[in-house]
>>> print(open('start_10.csv').read())   # CSV, C-alpha atoms
chain,number,residue,atom,x,y,z
F,1117,MET,CA,-31.4,5.9,91.5
F,1118,ALA,CA,-30.8,2.2,91.0
F,1119,VAL,CA,-32.0,1.3,94.5
F,1120,HIS,CA,-35.5,2.6,93.6
F,1121,GLY,CA,-38.0,0.3,91.9
F,1122,GLY,CA,-40.0,0.6,88.7
F,1123,ASP,CA,-42.5,3.1,90.1
F,1124,TYR,CA,-39.7,5.6,90.9
F,1125,LEU,CA,-38.0,5.2,87.5
F,1126,ARG,CA,-41.4,5.6,85.8
F,1127,ARG,CA,-41.3,9.2,87.0
F,1128,PHE,CA,-38.3,9.9,84.7
F,1129,VAL,CA,-40.1,8.3,81.8
F,1130,ALA,CA,-43.3,10.3,82.4
F,1131,GLU,CA,-41.2,13.5,82.5
F,1132,THR,CA,-39.5,12.8,79.2
F,1133,GLU,CA,-42.8,11.7,77.6
F,1134,TRP,CA,-44.2,15.0,78.6
F,1135,TYR,CA,-41.2,16.8,77.0
F,1136,ASN,CA,-41.8,14.8,73.9
F,1137,GLU,CA,-45.5,15.6,73.8
F,1138,VAL,CA,-45.0,19.3,74.2
F,1139,VAL,CA,-42.2,19.7,71.6
F,1140,LEU,CA,-43.2,17.1,69.0
F,1141,SER,CA,-46.9,17.9,69.0
F,1142,ALA,CA,-45.9,21.5,68.3
F,1143,VAL,CA,-43.6,20.9,65.3
F,1144,ALA,CA,-44.5,17.5,63.8
F,1145,PRO,CA,-47.7,17.3,61.7
F,1146,GLY,CA,-50.1,14.6,62.5
F,1147,ASP,CA,-49.6,11.7,65.0
F,1148,TRP,CA,-47.2,9.5,63.1
F,1149,TRP,CA,-44.4,10.1,65.6
F,1150,ARG,CA,-46.5,8.7,68.6
F,1151,GLY,CA,-45.9,5.2,67.3
F,1152,LEU,CA,-42.1,5.5,67.4
F,1153,PRO,CA,-40.1,4.0,70.2
F,1154,HIS,CA,-39.7,6.3,73.2
F,1155,PRO,CA,-35.9,6.8,72.7
F,1156,VAL,CA,-36.5,7.8,69.1
F,1157,GLN,CA,-39.1,10.4,70.1
F,1158,SER,CA,-36.7,11.7,72.8
F,1159,TRP,CA,-33.9,12.0,70.2
F,1160,MET,CA,-36.2,13.9,67.8
F,1161,ARG,CA,-37.3,16.2,70.6
F,1162,ASN,CA,-33.6,16.8,71.6
F,1163,CYS,CA,-32.8,17.6,67.9
F,1164,VAL,CA,-35.6,20.2,67.8
F,1165,GLY,CA,-34.4,21.7,71.1
F,1166,GLY,CA,-30.8,21.7,69.9
F,1167,TYR,CA,-31.5,23.4,66.6
F,1168,LEU,CA,-33.8,26.0,68.3
F,1169,LEU,CA,-31.3,26.8,71.0
F,1170,TYR,CA,-28.4,27.1,68.5
F,1171,PHE,CA,-30.2,29.3,66.0
F,1172,ILE,CA,-32.1,31.5,68.5
F,1173,SER,CA,-29.0,32.2,70.6
F,1174,GLY,CA,-26.7,32.6,67.6
F,1175,PHE,CA,-28.9,35.0,65.7
F,1176,LEU,CA,-29.8,37.1,68.8
F,1177,TRP,CA,-26.1,37.3,69.7
F,1178,CYS,CA,-25.1,38.3,66.2
F,1179,PHE,CA,-27.9,40.8,65.9
F,1180,VAL,CA,-26.8,42.5,69.1
F,1181,ILE,CA,-23.0,42.6,68.6
F,1182,TYR,CA,-22.8,43.0,64.9
F,1183,TYR,CA,-25.9,45.1,64.0
F,1184,TRP,CA,-27.7,46.7,66.9
F,1185,LYS,CA,-24.6,47.6,68.9
F,1186,ARG,CA,-22.4,47.6,65.8
F,1187,HIS,CA,-18.7,48.5,66.7
F,1188,ALA,CA,-19.6,48.9,70.4
F,1189,TYR,CA,-18.0,45.6,71.2
F,1190,ILE,CA,-16.2,44.4,68.1
F,1191,PRO,CA,-14.0,46.6,65.8
F,1192,LYS,CA,-15.1,46.7,62.1
F,1193,ASP,CA,-12.1,44.6,60.9
F,1194,ALA,CA,-12.9,41.8,63.4
F,1195,ILE,CA,-16.5,41.2,62.3
F,1196,PRO,CA,-16.7,37.8,60.5
F,1197,THR,CA,-18.1,37.7,57.1
F,1198,ASN,CA,-21.6,36.3,56.4
F,1199,GLU,CA,-19.9,33.6,54.3
F,1200,ALA,CA,-17.8,32.5,57.3
F,1201,MET,CA,-20.9,32.3,59.5
F,1202,LYS,CA,-22.8,30.3,56.9
F,1203,LYS,CA,-20.0,27.7,56.9
F,1204,GLN,CA,-20.1,27.5,60.7
F,1205,ILE,CA,-23.9,27.1,60.6
F,1206,ALA,CA,-23.5,24.3,58.0
F,1207,VAL,CA,-21.0,22.4,60.1
F,1208,ALA,CA,-23.0,22.7,63.3
F,1209,SER,CA,-26.3,21.8,61.5
F,1210,LYS,CA,-24.8,18.6,60.1
F,1211,ALA,CA,-23.4,17.6,63.5
F,1212,MET,CA,-26.5,18.4,65.6
F,1213,PRO,CA,-28.4,15.1,65.1
F,1214,PHE,CA,-25.2,13.3,66.4
F,1215,TYR,CA,-24.8,15.7,69.3
F,1216,CYS,CA,-28.4,15.0,70.4
F,1217,ALA,CA,-27.8,11.3,70.6
F,1218,LEU,CA,-25.8,11.9,73.8
F,1219,PRO,CA,-28.6,13.5,75.9
F,1220,THR,CA,-30.9,10.9,74.5
F,1221,LEU,CA,-28.6,8.2,75.7
F,1222,SER,CA,-28.2,9.8,79.1
F,1223,GLU,CA,-32.0,10.0,79.5
F,1224,TYR,CA,-32.3,6.3,78.5
F,1225,MET,CA,-29.7,5.3,81.2
F,1226,ILE,CA,-31.4,7.5,83.8
F,1227,GLU,CA,-34.8,6.0,83.0
F,1228,SER,CA,-33.3,2.5,83.2
F,1229,GLY,CA,-32.0,3.1,86.7
F,1230,TRP,CA,-28.3,2.8,85.8
F,1231,THR,CA,-27.3,6.2,87.1
F,1232,ARG,CA,-27.4,8.1,90.4
F,1233,CYS,CA,-30.0,10.6,89.2
F,1234,TYR,CA,-32.8,11.6,91.5
F,1235,PHE,CA,-36.1,13.2,90.6
F,1236,ASN,CA,-36.9,15.9,93.2
F,1237,ILE,CA,-34.6,18.2,95.1
F,1238,SER,CA,-36.6,17.5,98.3
F,1239,GLU,CA,-35.2,13.9,98.2
F,1240,MET,CA,-31.7,15.3,99.0
F,1241,GLY,CA,-32.5,18.6,100.6
F,1242,PHE,CA,-31.4,22.0,99.1
F,1243,SER,CA,-28.0,22.1,100.9
F,1244,ALA,CA,-27.1,18.6,99.6
F,1245,TYR,CA,-28.4,19.6,96.1
F,1246,LEU,CA,-26.1,22.6,96.0
F,1247,CYS,CA,-23.1,20.6,97.3
F,1248,TYR,CA,-23.6,17.8,94.7
F,1249,MET,CA,-24.2,20.4,92.0
F,1250,ALA,CA,-20.9,22.0,92.8
F,1251,MET,CA,-19.1,18.7,92.7
F,1252,TYR,CA,-20.9,17.9,89.3
F,1253,LEU,CA,-19.6,21.2,87.8
F,1254,ILE,CA,-16.1,20.7,89.1
F,1255,PHE,CA,-16.1,17.2,87.6
F,1256,VAL,CA,-17.4,18.4,84.3
F,1257,GLU,CA,-14.8,21.3,84.3
F,1258,PHE,CA,-12.0,18.8,85.0
F,1259,GLY,CA,-13.3,16.3,82.4
F,1260,ILE,CA,-13.8,18.8,79.6
F,1261,TYR,CA,-10.4,20.4,80.3
F,1262,TRP,CA,-8.5,17.2,79.9
F,1263,MET,CA,-10.7,15.9,77.0
F,1264,HIS,CA,-10.1,19.2,75.2
F,1265,ARG,CA,-6.4,19.2,75.9
F,1266,GLU,CA,-6.0,15.6,74.7
F,1267,LEU,CA,-7.8,16.5,71.5
F,1268,HIS,CA,-4.9,18.9,70.9
F,1269,ASP,CA,-2.1,16.7,72.3
F,1270,ILE,CA,-3.0,13.5,70.5
F,1271,LYS,CA,-2.1,14.3,67.0
F,1272,PRO,CA,-4.5,11.9,65.2
F,1273,LEU,CA,-7.4,13.2,67.3
F,1274,TYR,CA,-6.5,16.8,66.4
F,1275,LYS,CA,-6.0,16.1,62.7
F,1276,HIS,CA,-9.2,14.0,62.2
F,1277,LEU,CA,-11.5,15.6,64.8
F,1278,HIS,CA,-10.6,18.9,66.5
F,1279,ALA,CA,-9.0,20.6,63.5
F,1280,THR,CA,-12.5,21.0,62.0
F,1281,HIS,CA,-13.2,23.5,64.8
F,1282,HIS,CA,-9.8,25.3,64.7
F,1283,ILE,CA,-10.1,26.5,61.1
F,1284,TYR,CA,-11.7,29.4,62.9
F,1285,ASN,CA,-8.4,30.8,64.3
F,1286,LYS,CA,-8.7,34.6,64.1
F,1287,GLU,CA,-11.0,37.2,65.6
F,1288,ASN,CA,-12.5,37.9,62.2
F,1289,THR,CA,-13.3,34.2,61.6
F,1290,LEU,CA,-14.9,33.5,65.0
F,1291,SER,CA,-18.5,34.1,65.7
F,1292,PRO,CA,-21.3,32.9,68.0
F,1293,PHE,CA,-22.1,30.3,65.3
F,1294,ALA,CA,-18.7,28.7,65.7
F,1295,GLY,CA,-19.6,27.5,69.2
F,1296,LEU,CA,-21.0,24.2,67.9
F,1297,ALA,CA,-19.1,23.9,64.6
F,1298,PHE,CA,-17.3,20.7,65.5
F,1299,HIS,CA,-16.8,17.3,64.0
F,1300,PRO,CA,-19.7,15.3,65.5
F,1301,LEU,CA,-17.5,13.0,67.5
F,1302,ASP,CA,-15.4,15.9,68.8
F,1303,GLY,CA,-18.5,17.6,70.2
F,1304,ILE,CA,-19.7,14.3,71.8
F,1305,LEU,CA,-16.4,13.6,73.4
F,1306,GLN,CA,-16.2,17.1,75.0
F,1307,ALA,CA,-19.8,16.6,76.4
F,1308,ILE,CA,-19.2,13.1,77.8
F,1309,PRO,CA,-18.2,14.4,81.3
F,1310,HIS,CA,-21.8,15.5,81.7
F,1311,VAL,CA,-22.9,11.9,81.3
F,1312,LEU,CA,-20.0,10.3,83.3
F,1313,ALA,CA,-20.9,12.5,86.3
F,1314,LEU,CA,-24.3,10.8,86.5
F,1315,PHE,CA,-22.7,7.5,87.5
F,1316,LEU,CA,-20.5,9.1,90.2
F,1317,LEU,CA,-22.6,11.8,91.8
F,1318,PRO,CA,-26.3,12.1,92.9
F,1319,THR,CA,-27.6,14.5,90.2
F,1320,HIS,CA,-30.9,16.2,89.9
F,1321,PHE,CA,-32.5,15.1,86.7
F,1322,ARG,CA,-33.9,18.4,85.4
F,1323,THR,CA,-30.8,20.3,86.4
F,1324,HIS,CA,-28.7,17.8,84.4
F,1325,ILE,CA,-30.9,18.2,81.3
F,1326,ALA,CA,-30.8,22.0,81.6
F,1327,LEU,CA,-27.0,22.1,82.0
F,1328,VAL,CA,-26.5,19.9,78.9
F,1329,PHE,CA,-28.6,22.2,76.7
F,1330,LEU,CA,-27.2,25.4,78.2
F,1331,GLU,CA,-23.9,24.3,76.8
F,1332,GLY,CA,-25.3,25.6,73.5
F,1333,VAL,CA,-25.7,29.1,75.0
F,1334,TRP,CA,-22.3,28.9,76.7
F,1335,THR,CA,-20.4,28.0,73.6
F,1336,THR,CA,-22.1,30.8,71.8
F,1337,ASN,CA,-20.8,33.2,74.4
F,1338,ILE,CA,-17.2,32.1,74.4
F,1339,HIS,CA,-16.9,32.4,70.7
F,1340,ASP,CA,-18.0,36.0,70.3
F,1341,CYS,CA,-14.5,37.5,71.0
F,1342,ILE,CA,-15.8,39.9,73.6
F,1343,HIS,CA,-13.7,39.9,76.8
F,1344,GLY,CA,-16.2,40.2,79.6
F,1345,LYS,CA,-13.5,40.5,82.3
F,1346,VAL,CA,-15.5,38.5,84.9
F,1347,TRP,CA,-13.0,36.5,86.9
F,1348,PRO,CA,-12.7,33.5,87.1
F,1349,VAL,CA,-15.1,32.9,84.2
F,1350,MET,CA,-13.5,31.4,81.1
F,1351,GLY,CA,-15.0,34.0,78.8
F,1352,ALA,CA,-14.5,34.8,75.1
F,1353,GLY,CA,-11.3,36.8,75.8
F,1354,TYR,CA,-9.6,33.7,77.1
F,1355,HIS,CA,-11.1,31.4,74.5
F,1356,THR,CA,-10.1,33.6,71.6
F,1357,ILE,CA,-6.5,33.2,72.9
F,1358,HIS,CA,-7.0,29.4,72.7
F,1359,HIS,CA,-8.1,29.7,69.1
F,1360,THR,CA,-5.0,31.8,68.2
F,1361,THR,CA,-2.3,30.0,70.2
F,1362,TYR,CA,-3.7,26.4,70.3
F,1363,ARG,CA,-1.8,25.7,73.5
F,1364,HIS,CA,-3.6,27.8,76.2
F,1365,ASN,CA,-7.0,28.1,77.9
F,1366,TYR,CA,-8.5,24.7,77.4
F,1367,GLY,CA,-10.9,25.2,80.3
F,1368,HIS,CA,-14.7,25.5,79.9
F,1369,TYR,CA,-16.5,27.5,82.6
F,1370,THR,CA,-13.6,28.9,84.6
F,1371,VAL,CA,-9.8,29.5,84.4
F,1372,TRP,CA,-9.1,27.3,87.4
F,1373,MET,CA,-8.0,24.1,85.5
F,1374,ASP,CA,-5.7,26.1,83.3
F,1375,TRP,CA,-4.2,27.8,86.3
F,1376,MET,CA,-3.7,24.5,88.1
F,1377,PHE,CA,-2.1,22.7,85.1
F,1378,GLY,CA,0.0,25.6,83.8
F,1379,THR,CA,-1.9,26.4,80.6
F,1380,LEU,CA,-3.5,29.7,81.5
F,1381,ARG,CA,-2.8,32.8,79.4
F,1382,GLU,CA,-4.5,36.1,80.4
F,1383,PRO,CA,-6.1,38.3,77.7
F,1384,ASP,CA,-4.2,41.5,77.0
F,1385,ASP,CA,-6.7,43.5,75.0
F,1386,ILE,CA,-7.0,40.8,72.3
F,1387,LEU,CA,-9.0,43.3,70.2
F,1388,LYS,CA,-8.0,46.8,69.4
F,1389,LYS,CA,-10.5,49.5,70.5
F,1390,ALA,CA,-12.8,50.6,67.8
>>> encode(input="start_10.csv", output="structure tokens")
Amino acid sequence: MAVHGGDYLRRFVAETEWYNEVVLSAVAPGDWWRGLPHPVQSWMRNCVGGYLLYFISGFLWCFVIYYWKRHAYIPKDAIPTNEAMKKQIAVASKAMPFYCALPTLSEYMIESGWTRCYFNISEMGFSAYLCYMAMYLIFVEFGIYWMHRELHDIKPLYKHLHATHHIYNKENTLSPFAGLAFHPLDGILQAIPHVLALFLLPTHFRTHIALVFLEGVWTTNIHDCIHGKVWPVMGAGYHTIHHTTYRHNYGHYTVWMDWMFGTLREPDDILKKA
């Protein structure tokens, strides 16, 4: 936190330097990257992590639901084509370096002492950690709901940004790879609540980093068209409705914001049984 001096903030820098060392030494040949500025190293490491998370989660998800358990979850006529998935991968791959600028910026602000991040849970106590984490998640849910909704309601934003994602508007065009297939600025805008929360709420550093990157897994999940029926989770059943009606289910983790603001629509067997 800002009230702490340089020695305290150095702990955040040492942590991210260790992340950089582990990741970049494993994937980058030679030592050329060690001479780069620390934020550039962090951005490179975030890019590696983002790509790995996207491709590993996406391919595993697709293998399970489209091949290993073929037709157990998805009817044959609702399986997206390989061509559709290739296009989604291309869009997400082009956007990934821009997405990864946001966690890099948040790390820089944390390391500079501009936020309310803290390093160890023991500094707050476990009960306070859980309370602040719940507040963090509520703030992020609220922020993403309204950011997502405005990306629909403000027509220029929809036309120039969010429409890129909504070309996938049927069950047979959605896939786990569609989860990060956004215009780069669209993806950044929807993730900004994670960063804004750092200025308002005491936030555990490692938990923040984990939650930002777990967004990649979550977006994979909500684009697979499988309705998990786990209330109040905003699962794929709800999100598929969003892609087909454009006016409902803007929420992210849960259905609560849509329920509060009158945009909730419940799934009614969105896919026919195989």
>>> atom_distance(input="start_10.csv", atom1="atom CA of Met1240 of chain F", atom2="atom CA of Thr1323 of chain F")
13.6 Å
>>> closest_residue(input="start_10.csv", among="F:Thr1379, F:Asn1136, F:Thr1361, F:Thr1197", to="Gly1165 of chain F", atoms="all atoms listed in the file")
F:Asn1136
>>> closest_residue(input="start_10.csv", among="F:Met1263, F:Ile1283, F:Ile1254, F:Val1129", to="Ser1228 of chain F", atoms="all atoms listed in the file")
F:Val1129
>>> closest_residue(input="start_10.csv", among="F:Phe1258, F:Tyr1189, F:Phe1171, F:Phe1377", to="Gly1353 of chain F", atoms="only C-alpha atoms")
F:Tyr1189
>>> residues_around(input="start_10.csv", residues="Glu1133 of chain F", least_positions_apart="5", cutoff="9 Å", atoms="all atoms listed in the file", output="short mmCIF file (atom, residue, chain, number, x, y, z; two decimals) with C-alpha atoms, in the coordinates of the input")
data_model
loop_
_atom_site.label_atom_id
_atom_site.label_comp_id
_atom_site.auth_asym_id
_atom_site.auth_seq_id
_atom_site.Cartn_x
_atom_site.Cartn_y
_atom_site.Cartn_z
CA PHE F 1128 -38.30 9.90 84.70
CA VAL F 1138 -45.00 19.30 74.20
CA HIS F 1154 -39.70 6.30 73.20
CA GLN F 1157 -39.10 10.40 70.10
CA SER F 1158 -36.70 11.70 72.80
#
>>> residues_around(input="start_10.csv", residues="Val1311 of chain F", least_positions_apart="3", cutoff="10 Å", atoms="all atoms listed in the file", output="PyMOL selection string")
chain F and resi 1218-1219+1221-1223+1225-1226+1231+1256+1307-1308+1314-1316+1324+1328
>>> closest_residue(input="start_10.csv", among="F:Ile1181, F:Leu1125, F:Leu1152, F:Met1350", to="Ser1291 of chain F", atoms="all atoms listed in the file")
F:Ile1181
>>> atom_distance(input="start_10.csv", atom1="atom CA of Asp1302 of chain F", atom2="atom CA of Leu1277 of chain F")
5.6 Å
>>> decode(input="start_10.csv", residues="segment 1236-1249 of chain F", atoms="all heavy atoms", output="compact mmCIF listing (two decimals), in the first residue's frame")
# COMPACT_ATOMS: atom_id res chain seq x y z
N ASN F 1236 0.93 -9.97 1.84
CA ASN F 1236 0.63 -11.21 2.55
C ASN F 1236 -0.76 -11.16 3.18
O ASN F 1236 -1.16 -10.13 3.75
CB ASN F 1236 1.66 -11.48 3.66
CG ASN F 1236 3.00 -11.91 3.10
OD1 ASN F 1236 3.06 -12.69 2.15
ND2 ASN F 1236 4.07 -11.41 3.69
N ILE F 1237 -1.47 -12.27 3.14
CA ILE F 1237 -2.79 -12.35 3.77
C ILE F 1237 -2.70 -12.09 5.27
O ILE F 1237 -3.60 -11.50 5.87
CB ILE F 1237 -3.44 -13.73 3.48
CG1 ILE F 1237 -3.73 -13.86 1.99
CG2 ILE F 1237 -4.71 -13.93 4.31
CD1 ILE F 1237 -4.25 -15.23 1.57
N SER F 1238 -1.59 -12.49 5.88
CA SER F 1238 -1.42 -12.32 7.32
C SER F 1238 -1.44 -10.85 7.73
O SER F 1238 -1.72 -10.53 8.90
CB SER F 1238 -0.10 -12.96 7.78
OG SER F 1238 1.00 -12.38 7.09
N GLU F 1239 -1.17 -9.94 6.81
CA GLU F 1239 -1.21 -8.51 7.13
C GLU F 1239 -2.63 -8.05 7.45
O GLU F 1239 -2.81 -7.10 8.22
CB GLU F 1239 -0.68 -7.68 5.95
CG GLU F 1239 0.77 -7.94 5.61
CD GLU F 1239 1.16 -7.28 4.29
OE1 GLU F 1239 0.74 -6.14 4.06
OE2 GLU F 1239 1.87 -7.93 3.49
N MET F 1240 -3.62 -8.70 6.87
CA MET F 1240 -5.02 -8.33 7.08
C MET F 1240 -5.74 -9.31 8.00
O MET F 1240 -6.67 -8.93 8.69
CB MET F 1240 -5.75 -8.30 5.73
CG MET F 1240 -5.32 -7.17 4.84
SD MET F 1240 -5.98 -5.61 5.48
CE MET F 1240 -5.16 -4.44 4.37
N GLY F 1241 -5.29 -10.56 7.99
CA GLY F 1241 -6.03 -11.62 8.66
C GLY F 1241 -6.95 -12.30 7.66
O GLY F 1241 -7.45 -11.66 6.71
N PHE F 1242 -7.21 -13.59 7.86
CA PHE F 1242 -7.96 -14.35 6.87
C PHE F 1242 -9.40 -13.89 6.74
O PHE F 1242 -9.97 -13.85 5.64
CB PHE F 1242 -7.91 -15.84 7.22
CG PHE F 1242 -8.39 -16.72 6.10
CD1 PHE F 1242 -7.69 -16.80 4.90
CD2 PHE F 1242 -9.55 -17.46 6.24
CE1 PHE F 1242 -8.13 -17.61 3.87
CE2 PHE F 1242 -10.00 -18.27 5.21
CZ PHE F 1242 -9.29 -18.35 4.02
N SER F 1243 -10.03 -13.51 7.85
CA SER F 1243 -11.42 -13.06 7.79
C SER F 1243 -11.54 -11.77 6.98
O SER F 1243 -12.43 -11.63 6.13
CB SER F 1243 -11.98 -12.84 9.20
OG SER F 1243 -12.02 -14.04 9.92
N ALA F 1244 -10.63 -10.83 7.23
CA ALA F 1244 -10.64 -9.58 6.47
C ALA F 1244 -10.33 -9.84 5.00
O ALA F 1244 -10.92 -9.23 4.10
CB ALA F 1244 -9.64 -8.59 7.06
N TYR F 1245 -9.41 -10.77 4.76
CA TYR F 1245 -9.09 -11.14 3.38
C TYR F 1245 -10.34 -11.62 2.65
O TYR F 1245 -10.62 -11.18 1.52
CB TYR F 1245 -8.02 -12.23 3.37
CG TYR F 1245 -7.87 -12.97 2.06
CD1 TYR F 1245 -7.21 -12.39 0.97
CD2 TYR F 1245 -8.40 -14.26 1.90
CE1 TYR F 1245 -7.07 -13.07 -0.23
CE2 TYR F 1245 -8.26 -14.94 0.70
CZ TYR F 1245 -7.61 -14.34 -0.36
OH TYR F 1245 -7.48 -15.01 -1.56
N LEU F 1246 -11.11 -12.50 3.27
CA LEU F 1246 -12.33 -13.01 2.64
C LEU F 1246 -13.36 -11.91 2.42
O LEU F 1246 -14.01 -11.86 1.37
CB LEU F 1246 -12.92 -14.14 3.50
CG LEU F 1246 -12.12 -15.44 3.59
CD1 LEU F 1246 -12.81 -16.42 4.51
CD2 LEU F 1246 -11.92 -16.05 2.20
N CYS F 1247 -13.50 -11.02 3.39
CA CYS F 1247 -14.46 -9.92 3.26
C CYS F 1247 -14.08 -9.00 2.10
O CYS F 1247 -14.93 -8.63 1.27
CB CYS F 1247 -14.55 -9.13 4.56
SG CYS F 1247 -15.40 -9.99 5.89
N TYR F 1248 -12.82 -8.61 2.06
CA TYR F 1248 -12.37 -7.72 0.98
C TYR F 1248 -12.44 -8.41 -0.38
O TYR F 1248 -12.73 -7.78 -1.39
CB TYR F 1248 -10.96 -7.21 1.25
CG TYR F 1248 -10.89 -6.14 2.29
CD1 TYR F 1248 -10.05 -6.27 3.41
CD2 TYR F 1248 -11.67 -4.99 2.18
CE1 TYR F 1248 -9.99 -5.27 4.37
CE2 TYR F 1248 -11.61 -3.99 3.14
CZ TYR F 1248 -10.77 -4.14 4.23
OH TYR F 1248 -10.70 -3.15 5.18
N MET F 1249 -12.18 -9.74 -0.39
CA MET F 1249 -12.26 -10.47 -1.65
C MET F 1249 -13.69 -10.51 -2.15
O MET F 1249 -13.95 -10.38 -3.35
CB MET F 1249 -11.73 -11.88 -1.44
CG MET F 1249 -10.92 -12.50 -2.53
SD MET F 1249 -9.47 -11.64 -3.13
CE MET F 1249 -10.02 -10.33 -4.12
